[in-house]
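Undergrad: I am attaching a structure below and will ask some questions about it afterwards.
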Amino acid sequence: MPACLIVSQFSSLRQKGIMLRVGAVFLLFLVVSLGASLEPRYRSEFTYDEQLLEKMIRMEAEMDKWETRMNEQLGQLTSLREHIDHLMKTEDSCLKLIQEAFLESRNNLTALQSRTDGLAQQLTEKMKKGSVSYYTTCKDGWIPCKGSCYLFSAVGTAFTDAEQYCRQHENSHLVHVDDACENEFLKDRMRLFKEFHWWVGIKDEDKEGVWKWFDTDEVATFTDFKPGDGGDHNTEDCAMFYPIYGYQWADCSCSSDRGVLCEARGHEEASVIGC
Ligand SMILES: [Ca+2]
Ligand SMILES: [Ca+2]
Ligand SMILES: [Ca+2]
């Protein structure tokens, strides 16, 4: 190869190398320029994505918390429902027991009513045949007679104090003589004691000669005044059993000291002879 040709080729290669270097520098410049102009946008998008991701993570955590809380509430509701079901079953059982007890009581009551009706019928029949007797029971110290109990206290005291004494004993009252039978019974009892004057629970302080029972304030339909007493004696508004007149009654001053004779309602029972 001639020397001029070799020099020509060498020169051509050198030009190509220079061209390549210039192209590379231009390309680098272009890349750098483009990179410089795009970098803030990429950074902004990256920051935005990062914030969004953090937000989503926080929301997911919140949702996890809510889900946990919802599950707890659901569990409590389920327990409550089971408890209510249990209570309803228990209440049903209780109601059933009460209903059974009520029915049993009603049946017992019906049976008792039938038995009572039967006994009442028997008693009525026995009474018609005269085979029933009644007796009265009283507390110790009291004397029974036909539904009443009597207490004799031979300590002389005024009428008002005597009535107070009776009220303090079995909530009784000074004797209320209903009829001649009761009157004779009391007189017979008085004759067993030493002679004494006993109060009768009767007064005529509102109107002379109109005697009213002190316990009921009713006008007396039965009295047993001795001749000359029980009339218009305005200083004698109370009455007593008077021993020298066979325990007939006499009016006297209410402030006199007389024995206390109390009457209380007794416990009366029937006895059917032959049963
Ligand atoms: Ca009486
Ligand atoms: Ca009088
Ligand atoms: Ca008198």
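The way I read the labels, and the way they are meant: chains A, B, ... in the order of the structure tokens, residue 1 as the first residue of every chain, and ligand 1 as the first ligand shown, with later ones counted on from there.
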Determine which residues of region 79-265 of chain A receive a DSSP assignment of strand (DSSP E), computed from the backbone, and state them as a PyMOL selection string.
TA: chain A and resi 132-137+143-145+148-157+173-174+198-203+212-213+238-242+248-252+258-265
Undergrad: Let's have the selection written as a compact mmCIF listing (two decimals), in the first residue's frame, with N, CA and C atoms.
TA:
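Final output, result34.txt:
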```txt
# COMPACT_ATOMS: atom_id res chain seq x y z
N VAL A 132 -126.31 -30.56 118.94
CA VAL A 132 -125.12 -29.71 118.90
C VAL A 132 -125.08 -28.85 120.16
N SER A 133 -123.91 -28.73 120.76
CA SER A 133 -123.77 -27.83 121.89
C SER A 133 -122.62 -26.87 121.63
N TYR A 134 -122.75 -25.67 122.17
CA TYR A 134 -121.70 -24.66 122.02
C TYR A 134 -121.00 -24.45 123.35
N TYR A 135 -119.75 -24.18 123.29
CA TYR A 135 -119.04 -23.82 124.51
C TYR A 135 -118.07 -22.69 124.21
N THR A 136 -117.81 -21.89 125.23
CA THR A 136 -116.97 -20.71 125.10
C THR A 136 -115.68 -20.92 125.87
N THR A 137 -114.60 -20.54 125.25
CA THR A 137 -113.31 -20.62 125.95
C THR A 137 -112.80 -19.21 126.21
N ILE A 143 -114.36 -15.82 133.30
CA ILE A 143 -115.42 -16.83 133.42
C ILE A 143 -116.23 -16.85 132.12
N PRO A 144 -116.35 -18.01 131.47
CA PRO A 144 -117.07 -18.07 130.18
C PRO A 144 -118.57 -18.28 130.36
N CYS A 145 -119.33 -17.72 129.45
CA CYS A 145 -120.77 -17.99 129.37
C CYS A 145 -121.33 -17.49 128.05
N SER A 148 -119.40 -15.02 125.88
CA SER A 148 -118.71 -13.92 126.56
C SER A 148 -117.79 -14.44 127.66
N CYS A 149 -116.83 -13.59 128.02
CA CYS A 149 -115.93 -13.90 129.13
C CYS A 149 -116.04 -12.74 130.13
N TYR A 150 -116.09 -13.08 131.42
CA TYR A 150 -116.30 -12.06 132.46
C TYR A 150 -115.13 -12.07 133.43
N LEU A 151 -114.73 -10.86 133.82
CA LEU A 151 -113.65 -10.71 134.78
C LEU A 151 -114.17 -9.89 135.96
N PHE A 152 -114.12 -10.45 137.17
CA PHE A 152 -114.56 -9.76 138.39
C PHE A 152 -113.33 -9.25 139.12
N SER A 153 -113.30 -7.95 139.41
CA SER A 153 -112.20 -7.37 140.17
C SER A 153 -112.81 -6.61 141.35
N ALA A 154 -112.71 -7.22 142.54
CA ALA A 154 -113.37 -6.65 143.72
C ALA A 154 -112.52 -5.56 144.36
N VAL A 155 -112.13 -4.58 143.55
CA VAL A 155 -111.41 -3.40 144.05
C VAL A 155 -112.27 -2.19 143.70
N GLY A 156 -112.75 -1.49 144.69
CA GLY A 156 -113.67 -0.38 144.44
C GLY A 156 -113.01 0.76 143.68
N THR A 157 -113.66 1.20 142.60
CA THR A 157 -113.14 2.32 141.82
C THR A 157 -114.29 3.04 141.12
N HIS A 173 -114.89 -4.22 128.16
CA HIS A 173 -115.66 -3.05 128.59
C HIS A 173 -116.47 -3.46 129.82
N LEU A 174 -117.00 -2.46 130.52
CA LEU A 174 -117.87 -2.78 131.66
C LEU A 174 -119.07 -3.60 131.16
N TRP A 198 -121.25 -3.94 142.29
CA TRP A 198 -120.53 -4.08 141.02
C TRP A 198 -121.12 -3.13 139.99
N TRP A 199 -120.24 -2.47 139.23
CA TRP A 199 -120.72 -1.57 138.18
C TRP A 199 -121.45 -2.33 137.08
N VAL A 200 -122.51 -1.70 136.54
CA VAL A 200 -123.14 -2.14 135.29
C VAL A 200 -122.72 -1.10 134.24
N GLY A 201 -122.36 -1.54 133.04
CA GLY A 201 -121.84 -0.61 132.01
C GLY A 201 -122.94 0.20 131.34
N ILE A 202 -123.67 0.99 132.12
CA ILE A 202 -124.84 1.71 131.57
C ILE A 202 -124.91 3.11 132.22
N LYS A 203 -125.40 4.12 131.46
CA LYS A 203 -125.49 5.49 131.99
C LYS A 203 -126.76 6.18 131.48
N LYS A 212 -128.31 4.21 128.45
CA LYS A 212 -127.58 3.75 127.25
C LYS A 212 -126.36 2.92 127.67
N TRP A 213 -126.12 1.87 126.90
CA TRP A 213 -124.93 1.05 127.17
C TRP A 213 -123.69 1.84 126.80
N CYS A 238 -125.09 6.62 136.87
CA CYS A 238 -124.50 5.30 136.63
C CYS A 238 -125.31 4.26 137.41
N ALA A 239 -125.03 2.99 137.12
CA ALA A 239 -125.82 1.93 137.75
C ALA A 239 -124.91 0.83 138.30
N MET A 240 -125.46 0.13 139.32
CA MET A 240 -124.65 -0.94 139.96
C MET A 240 -125.56 -2.12 140.31
N PHE A 241 -124.94 -3.29 140.46
CA PHE A 241 -125.63 -4.43 141.05
C PHE A 241 -125.66 -4.17 142.57
N TYR A 242 -126.85 -4.25 143.16
CA TYR A 242 -127.01 -3.83 144.55
C TYR A 242 -127.31 -5.07 145.41
N GLN A 248 -130.35 -6.73 142.33
CA GLN A 248 -131.03 -5.89 141.34
C GLN A 248 -130.22 -4.61 141.16
N TRP A 249 -130.55 -3.83 140.15
CA TRP A 249 -129.73 -2.65 139.86
C TRP A 249 -130.24 -1.43 140.62
N ALA A 250 -129.32 -0.50 140.88
CA ALA A 250 -129.68 0.77 141.48
C ALA A 250 -128.85 1.86 140.83
N ASP A 251 -129.46 3.06 140.62
CA ASP A 251 -128.66 4.16 140.07
C ASP A 251 -127.87 4.81 141.21
N CYS A 252 -126.71 5.33 140.89
CA CYS A 252 -125.86 5.93 141.91
C CYS A 252 -124.91 6.92 141.24
N ARG A 258 -117.00 1.26 143.16
CA ARG A 258 -117.69 -0.03 142.99
C ARG A 258 -116.73 -1.05 142.40
N GLY A 259 -117.12 -2.33 142.52
CA GLY A 259 -116.31 -3.39 141.95
C GLY A 259 -116.38 -3.36 140.42
N VAL A 260 -115.32 -3.85 139.78
CA VAL A 260 -115.24 -3.80 138.31
C VAL A 260 -115.64 -5.16 137.74
N LEU A 261 -116.61 -5.14 136.85
CA LEU A 261 -117.04 -6.36 136.17
C LEU A 261 -116.90 -6.12 134.66
N CYS A 262 -115.90 -6.77 134.07
CA CYS A 262 -115.61 -6.58 132.64
C CYS A 262 -116.21 -7.71 131.83
N GLU A 263 -116.56 -7.39 130.57
CA GLU A 263 -117.06 -8.41 129.64
C GLU A 263 -116.27 -8.32 128.34
N ALA A 264 -115.79 -9.48 127.87
CA ALA A 264 -115.06 -9.55 126.60
C ALA A 264 -115.70 -10.64 125.75
N ARG A 265 -115.50 -10.51 124.43
CA ARG A 265 -116.02 -11.55 123.55
C ARG A 265 -115.14 -12.80 123.69
```
Undergrad: Just the alpha helix (DSSP H) stuff from region 24-210 of chain A, please, per backbone DSSP, written as number ranges by chain.
TA: A: 24-128, 159-167, 180-191
Undergrad: Considering only C-alpha atoms and all ligand atoms, give me a table of residues in chain A that are at most 6 Å from ligand 1, with the closest atom pair and distance in Å for each, as a tab-separated table.
TA:
```
residue	atom	partner	partner_atom_place_in_ligand_line	distance
A:His176	CA	ligand 1	1 (Ca)	4.3
A:Val177	CA	ligand 1	1 (Ca)	4.4
A:Asp178	CA	ligand 1	1 (Ca)	5.0
```
Undergrad: May I ask you to write as a list in words all residues lying at most 7 Å from ligand 2, with only C-alpha atoms and all ligand atoms counted?
TA: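 Those within range of ligand 2 are Asp204, Glu205, Glu208, Gly209, Gly230, Gly231, Asp232, His233, Asn234, Thr235, Glu236, Asp237, Cys238 and Asp251 of chain A.
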Undergrad: Tell me which of A:Leu74, A:Tyr247, A:Leu119, A:Asp224 sits closest to Leu186 (chain A), counting only C-alpha atoms.
TA: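 Using only C-alpha atoms, the shortest distance to Leu186 (chain A) belongs to A:Tyr247.
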Undergrad: Record the distance separating CA of Gly246 (chain A) and CA of Lys187 (chain A), expressed in Å with one decimal.
TA: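 Interatomic distance here is 8.0 Å.
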Undergrad: Suppose you want the space between CA of Val210 (chain A) and CA of Phe222 (chain A); what is it in Å?
TA: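 So the answer is 11.6 Å.
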